[in-house]
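Visitor: Sharing data29.txt here; it has compact mmCIF, C-alpha atoms.
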```
# COMPACT_ATOMS: atom_id res chain seq x y z
CA MET A 1 -74.73 -7.79 -25.27
CA LEU A 2 -76.90 -9.75 -27.73
CA LYS A 3 -75.13 -13.00 -26.81
CA THR A 4 -75.74 -12.38 -23.10
CA PHE A 5 -79.36 -11.46 -23.77
CA THR A 6 -79.88 -14.66 -25.83
CA VAL A 7 -78.42 -16.83 -23.04
CA VAL A 8 -80.61 -15.17 -20.41
CA ALA A 9 -83.70 -15.42 -22.63
CA PHE A 10 -83.01 -19.15 -23.08
CA ALA A 11 -82.62 -19.58 -19.33
CA LEU A 12 -85.92 -17.79 -18.74
CA THR A 13 -87.61 -20.01 -21.31
CA SER A 14 -86.30 -23.21 -19.79
CA CYS A 15 -87.74 -22.25 -16.39
CA ALA A 16 -91.29 -22.89 -17.56
CA ALA A 17 -92.11 -26.18 -19.29
CA PHE A 18 -93.71 -25.74 -22.71
CA ALA A 19 -93.76 -21.94 -22.43
CA GLN A 20 -93.94 -19.77 -25.52
CA ASN A 21 -91.87 -16.59 -25.50
CA ILE A 22 -94.00 -13.65 -26.55
CA ALA A 23 -91.60 -10.79 -25.77
CA SER A 24 -87.95 -10.46 -24.78
CA CYS A 25 -87.06 -7.05 -23.40
CA GLY A 26 -84.03 -5.38 -21.85
CA PRO A 27 -83.24 -2.77 -19.22
CA SER A 28 -85.79 -0.12 -18.29
CA SER A 29 -85.62 3.42 -16.95
CA GLY A 30 -87.94 6.21 -15.91
CA TYR A 31 -89.08 7.93 -12.73
CA ALA A 32 -90.37 6.87 -9.34
CA LEU A 33 -92.05 8.63 -6.46
CA TYR A 34 -90.66 7.25 -3.21
CA HIS A 35 -93.15 7.71 -0.40
CA TYR A 36 -92.09 9.28 2.89
CA SER A 37 -93.02 6.10 4.73
CA LYS A 38 -91.49 3.23 6.70
CA ILE A 39 -87.72 3.16 6.06
CA VAL A 40 -87.66 6.02 3.53
CA GLN A 41 -86.61 9.23 5.26
CA LYS A 42 -88.17 12.57 4.29
CA LYS A 43 -84.95 13.73 2.62
CA ASP A 44 -84.97 10.58 0.43
CA SER A 45 -88.67 10.75 -0.50
CA GLY A 46 -90.14 12.34 -3.61
CA PHE A 47 -89.48 11.93 -7.33
CA ASP A 48 -86.21 10.46 -8.54
CA LYS A 49 -84.84 8.75 -11.62
CA ASP A 50 -85.31 4.98 -11.45
CA LYS A 51 -83.90 2.18 -13.55
CA ILE A 52 -83.33 -1.53 -13.77
CA SER A 53 -80.10 -1.32 -15.72
CA SER A 54 -79.21 -5.02 -15.71
CA GLY A 55 -82.81 -6.22 -15.87
CA MET A 56 -84.32 -8.36 -18.59
CA THR A 57 -88.03 -9.07 -18.91
CA THR A 58 -89.72 -11.90 -20.80
CA LEU A 59 -93.45 -12.32 -21.37
CA GLN A 60 -94.46 -15.96 -21.72
CA ARG A 61 -97.58 -18.07 -22.21
CA ASN A 62 -97.62 -21.61 -20.84
CA SER A 63 -99.30 -24.70 -22.32
CA SER A 64 -102.44 -23.96 -20.25
CA GLY A 65 -102.76 -20.55 -21.91
CA GLU A 66 -101.80 -18.62 -18.77
CA PHE A 67 -99.36 -15.73 -18.92
CA ASP A 68 -96.22 -15.18 -16.84
CA ILE A 69 -93.61 -12.48 -16.74
CA GLN A 70 -90.10 -13.57 -15.90
CA MET A 71 -87.25 -11.23 -15.24
CA VAL A 72 -83.65 -10.95 -14.26
CA ASP A 73 -83.61 -8.43 -11.45
CA SER A 74 -80.89 -6.04 -10.31
CA ARG A 75 -79.40 -8.86 -8.21
CA LYS A 76 -79.13 -10.96 -11.41
CA ARG A 77 -81.71 -13.49 -10.16
CA ILE A 78 -84.33 -15.01 -12.46
CA ILE A 79 -87.79 -14.40 -11.04
CA SER A 80 -91.12 -15.73 -12.28
CA LEU A 81 -93.85 -13.35 -11.12
CA VAL A 82 -96.35 -16.25 -11.06
CA GLN A 83 -94.05 -18.68 -9.22
CA ASP A 84 -93.29 -15.87 -6.77
CA GLY A 85 -96.99 -15.80 -5.81
CA GLY A 86 -98.28 -13.16 -8.19
CA LYS A 87 -100.91 -13.30 -10.91
CA VAL A 88 -100.52 -12.04 -14.50
CA ILE A 89 -103.72 -11.19 -16.38
CA LEU A 90 -104.25 -9.89 -19.92
CA LEU A 91 -106.27 -6.67 -19.70
CA ARG A 92 -106.39 -5.70 -23.37
CA SER A 93 -104.69 -6.48 -26.67
CA GLY A 94 -104.58 -5.20 -30.23
CA GLU A 95 -102.53 -5.89 -33.34
CA THR A 96 -99.51 -3.92 -32.07
CA ASP A 97 -99.97 -3.61 -28.30
CA ALA A 98 -101.11 -5.49 -25.21
CA THR A 99 -101.38 -4.63 -21.52
CA PHE A 100 -101.05 -7.10 -18.66
CA MET A 101 -101.68 -6.58 -14.98
CA HIS A 102 -99.42 -8.26 -12.43
CA PHE A 103 -100.54 -8.18 -8.84
CA PHE A 104 -99.20 -9.65 -5.66
CA PRO A 105 -101.99 -9.34 -3.08
CA GLY A 106 -101.38 -6.70 -0.43
CA MET A 107 -98.08 -5.47 -1.92
CA VAL A 108 -97.74 -4.90 -5.67
CA VAL A 109 -99.87 -3.81 -8.63
CA GLU A 110 -98.09 -3.42 -11.97
CA LEU A 111 -99.20 -2.75 -15.53
CA TYR A 112 -96.95 -4.00 -18.33
CA THR A 113 -97.69 -2.66 -21.83
CA PHE A 114 -95.83 -4.28 -24.72
CA TRP A 115 -96.04 -2.31 -27.97
CA LYS A 116 -94.71 -1.87 -31.48
CA ALA A 117 -93.89 1.66 -32.60
CA SER A 118 -94.70 3.02 -36.05
CA ASP A 119 -91.01 2.65 -37.00
CA GLY A 120 -91.20 -1.12 -36.32
CA LYS A 121 -89.25 -1.08 -33.04
CA TYR A 122 -90.57 -2.90 -29.98
CA HIS A 123 -90.93 -1.47 -26.46
CA TYR A 124 -92.53 -2.04 -23.09
CA ASP A 125 -93.77 0.27 -20.37
CA LEU A 126 -94.10 -0.60 -16.69
CA ILE A 127 -96.32 1.26 -14.24
CA GLN A 128 -95.78 0.17 -10.62
CA SER A 129 -97.53 0.75 -7.32
CA LYS A 130 -95.75 -0.90 -4.39
CA GLY A 131 -96.88 -0.63 -0.78
CA GLY A 132 -98.74 -2.42 1.97
CA ASP A 133 -97.63 -3.48 5.43
CA ALA A 134 -95.14 -6.10 4.19
CA MET A 135 -93.40 -3.79 1.70
CA PRO A 136 -90.52 -1.85 3.32
CA ILE A 137 -90.22 0.74 0.52
CA HIS A 138 -93.43 2.23 -0.89
CA LYS A 139 -93.21 3.72 -4.36
CA SER A 140 -95.04 4.50 -7.56
CA ALA A 141 -93.05 4.34 -10.79
CA VAL A 142 -93.19 4.61 -14.58
CA LEU A 143 -90.40 2.88 -16.52
CA THR A 144 -89.88 2.03 -20.18
CA GLY A 145 -87.49 -0.18 -22.13
CA ASP A 146 -86.80 -1.74 -25.51
CA CYS A 147 -87.65 -5.26 -26.68
CA ASP A 148 -85.96 -7.45 -29.29
CA ALA A 149 -89.30 -8.62 -30.62
CA ILE A 150 -92.93 -9.13 -29.57
CA ASP A 151 -95.07 -11.87 -31.12
CA PHE A 152 -98.58 -10.45 -30.71
CA SER A 153 -100.10 -13.51 -32.45
CA LEU A 154 -99.28 -15.60 -29.35
CA ILE A 155 -101.35 -13.32 -27.12
CA SER A 156 -104.71 -13.78 -28.80
CA SER A 157 -104.30 -17.47 -29.74
CA LYS A 158 -105.81 -20.40 -27.77
```
Show how you would write the structure in this file as structure tokens.

Guide:
Amino acid sequence: MLKTFTVVAFALTSCAAFAQNIASCGPSSGYALYHYSKIVQKKDSGFDKDKISSGMTTLQRNSSGEFDIQMVDSRKRIISLVQDGGKVILLRSGETDATFMHFFPGMVVELYTFWKASDGKYHYDLIQSKGGDAMPIHKSAVLTGDCDAIDFSLISSK
């Protein structure tokens, strides 16, 4: 698992020239509320467990000081949220936590919080709101996962 994660993290890093890896995180799980809307039938709407079991998430900062979140999605594709048309903005940061907002106009708003627990382990939380006319499945979700490490010094520098 660690070898696979290292290879994927390297691939994510090489996608952005001169990017600094701030956090490398693994699969996430939690709950989602699927809206009774568009293609989601009433019987399939409501709260359900949600997960990105093969997902990997990397927080990066490029040479211009801008942030990006790259991930390997459930289809095993590498996606840059910025290159995909989104924007990643630092909302707040401290010595052991930071929250970023990712938004894709008219479709997605997400909050990513990267944090270090009192026992020294690293984690991230993801709060999602997906909807809009172009989004076939509308949902709100809260997911959490573990990270290998988070370098908080790279967030406040520059």

Visitor: Just the number, please: distance in Å from atom CA of A:Glu95 to atom CA of A:Thr144, one decimal.

Guide: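 According to the coordinates, atom CA of A:Glu95 and atom CA of A:Thr144 are separated by 19.9 Å.
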
Visitor: Within 8 Å of (-95.7, -16.2, -25.9) in the file's own coordinates, which protein, DNA or RNA residues have an atom, counting all atoms listed in the file? List them as a list in words.

Guide: Ala19, Gln20, Asn21, Ile22, Ala23, Leu59, Gln60, Arg61, Asn62, Phe67, Asp151, Leu154 and Ile155 of chain A

Visitor: So that I can see what lies close to A:Gly55, please list as a CSV table (one decimal) with C-alpha atoms, keeping the file's coordinate frame the residues with an atom at most 9 Å from it, counting only C-alpha atoms and leaving out residues fewer than 6 positions away in the same chain.

Guide:
```
chain,number,residue,atom,x,y,z
A,25,CYS,CA,-87.1,-7.0,-23.4
A,26,GLY,CA,-84.0,-5.4,-21.8
A,27,PRO,CA,-83.2,-2.8,-19.2
A,28,SER,CA,-85.8,-0.1,-18.3
A,71,MET,CA,-87.2,-11.2,-15.2
A,72,VAL,CA,-83.6,-11.0,-14.3
A,73,ASP,CA,-83.6,-8.4,-11.4
A,74,SER,CA,-80.9,-6.0,-10.3
A,75,ARG,CA,-79.4,-8.9,-8.2
A,76,LYS,CA,-79.1,-11.0,-11.4
```

Visitor: List the spatial neighbours of A:Ile127 as a PyMOL selection string - criterion: any atom at most 9 Å away, only C-alpha atoms, same-chain residues fewer than 3 positions off excluded.

Guide: chain A and resi 109-113+140-144

Visitor: When you draw a straight line from atom CA of A:Ser54 to atom CA of A:Val108, how long is it in Å?

Guide: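 For atom CA of A:Ser54 relative to atom CA of A:Val108, the distance reads 21.1 Å.
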
Visitor: Using all atoms listed in the file, can you tell me which of A:Phe104, A:Ala134, A:Ser153, A:Lys139 comes closest to A:Asp50?

Guide: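 With all atoms listed in the file as the atom set, the closest residue is A:Lys139.
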
Visitor: Given the choices A:Asp125, A:Asp119, A:Glu66, A:Asp97, which gets closest to A:Tyr31 if the distance is worked out from all atoms listed in the file?

Guide: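 So, comparing all the options, the nearest one is A:Asp125.
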
Visitor: Which neighbours of stretch 81-89 of chain A fall inside 6 Å, counting all atoms listed in the file, when residues of the same chain fewer than 2 positions from it are skipped, and could you give them as number ranges by chain?

Guide: A: 67-69, 100-104

Visitor: How many Å lie between atom CA of A:Tyr34 and atom CA of A:Pro105, rounded to one decimal?

Guide: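 Interatomic distance, atom CA of A:Tyr34 to atom CA of A:Pro105: 20.1 Å.
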
Visitor: My list of candidates is A:Lys49, A:Lys130, A:His123, A:Arg92. Which is closest to A:His35 when distances are computed with only C-alpha atoms?

Guide: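 Going through A:Lys49, A:Lys130, A:His123, A:Arg92 one by one, the smallest distance to A:His35 is for A:Lys130.
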
Visitor: List the spatial neighbours of A:Ser37 as a PyMOL selection string - criterion: any atom at most 9 Å away, all atoms listed in the file, same-chain residues fewer than 4 positions off excluded.

Guide: chain A and resi 41-42+45+136-138

Visitor: Excluding A:Ile150 and residues on its chain fewer than 5 positions from it, collect all residues at most 8 Å away from it, counting only C-alpha atoms, and give them as a PyMOL selection string.

Guide: chain A and resi 22-24+114-116+122
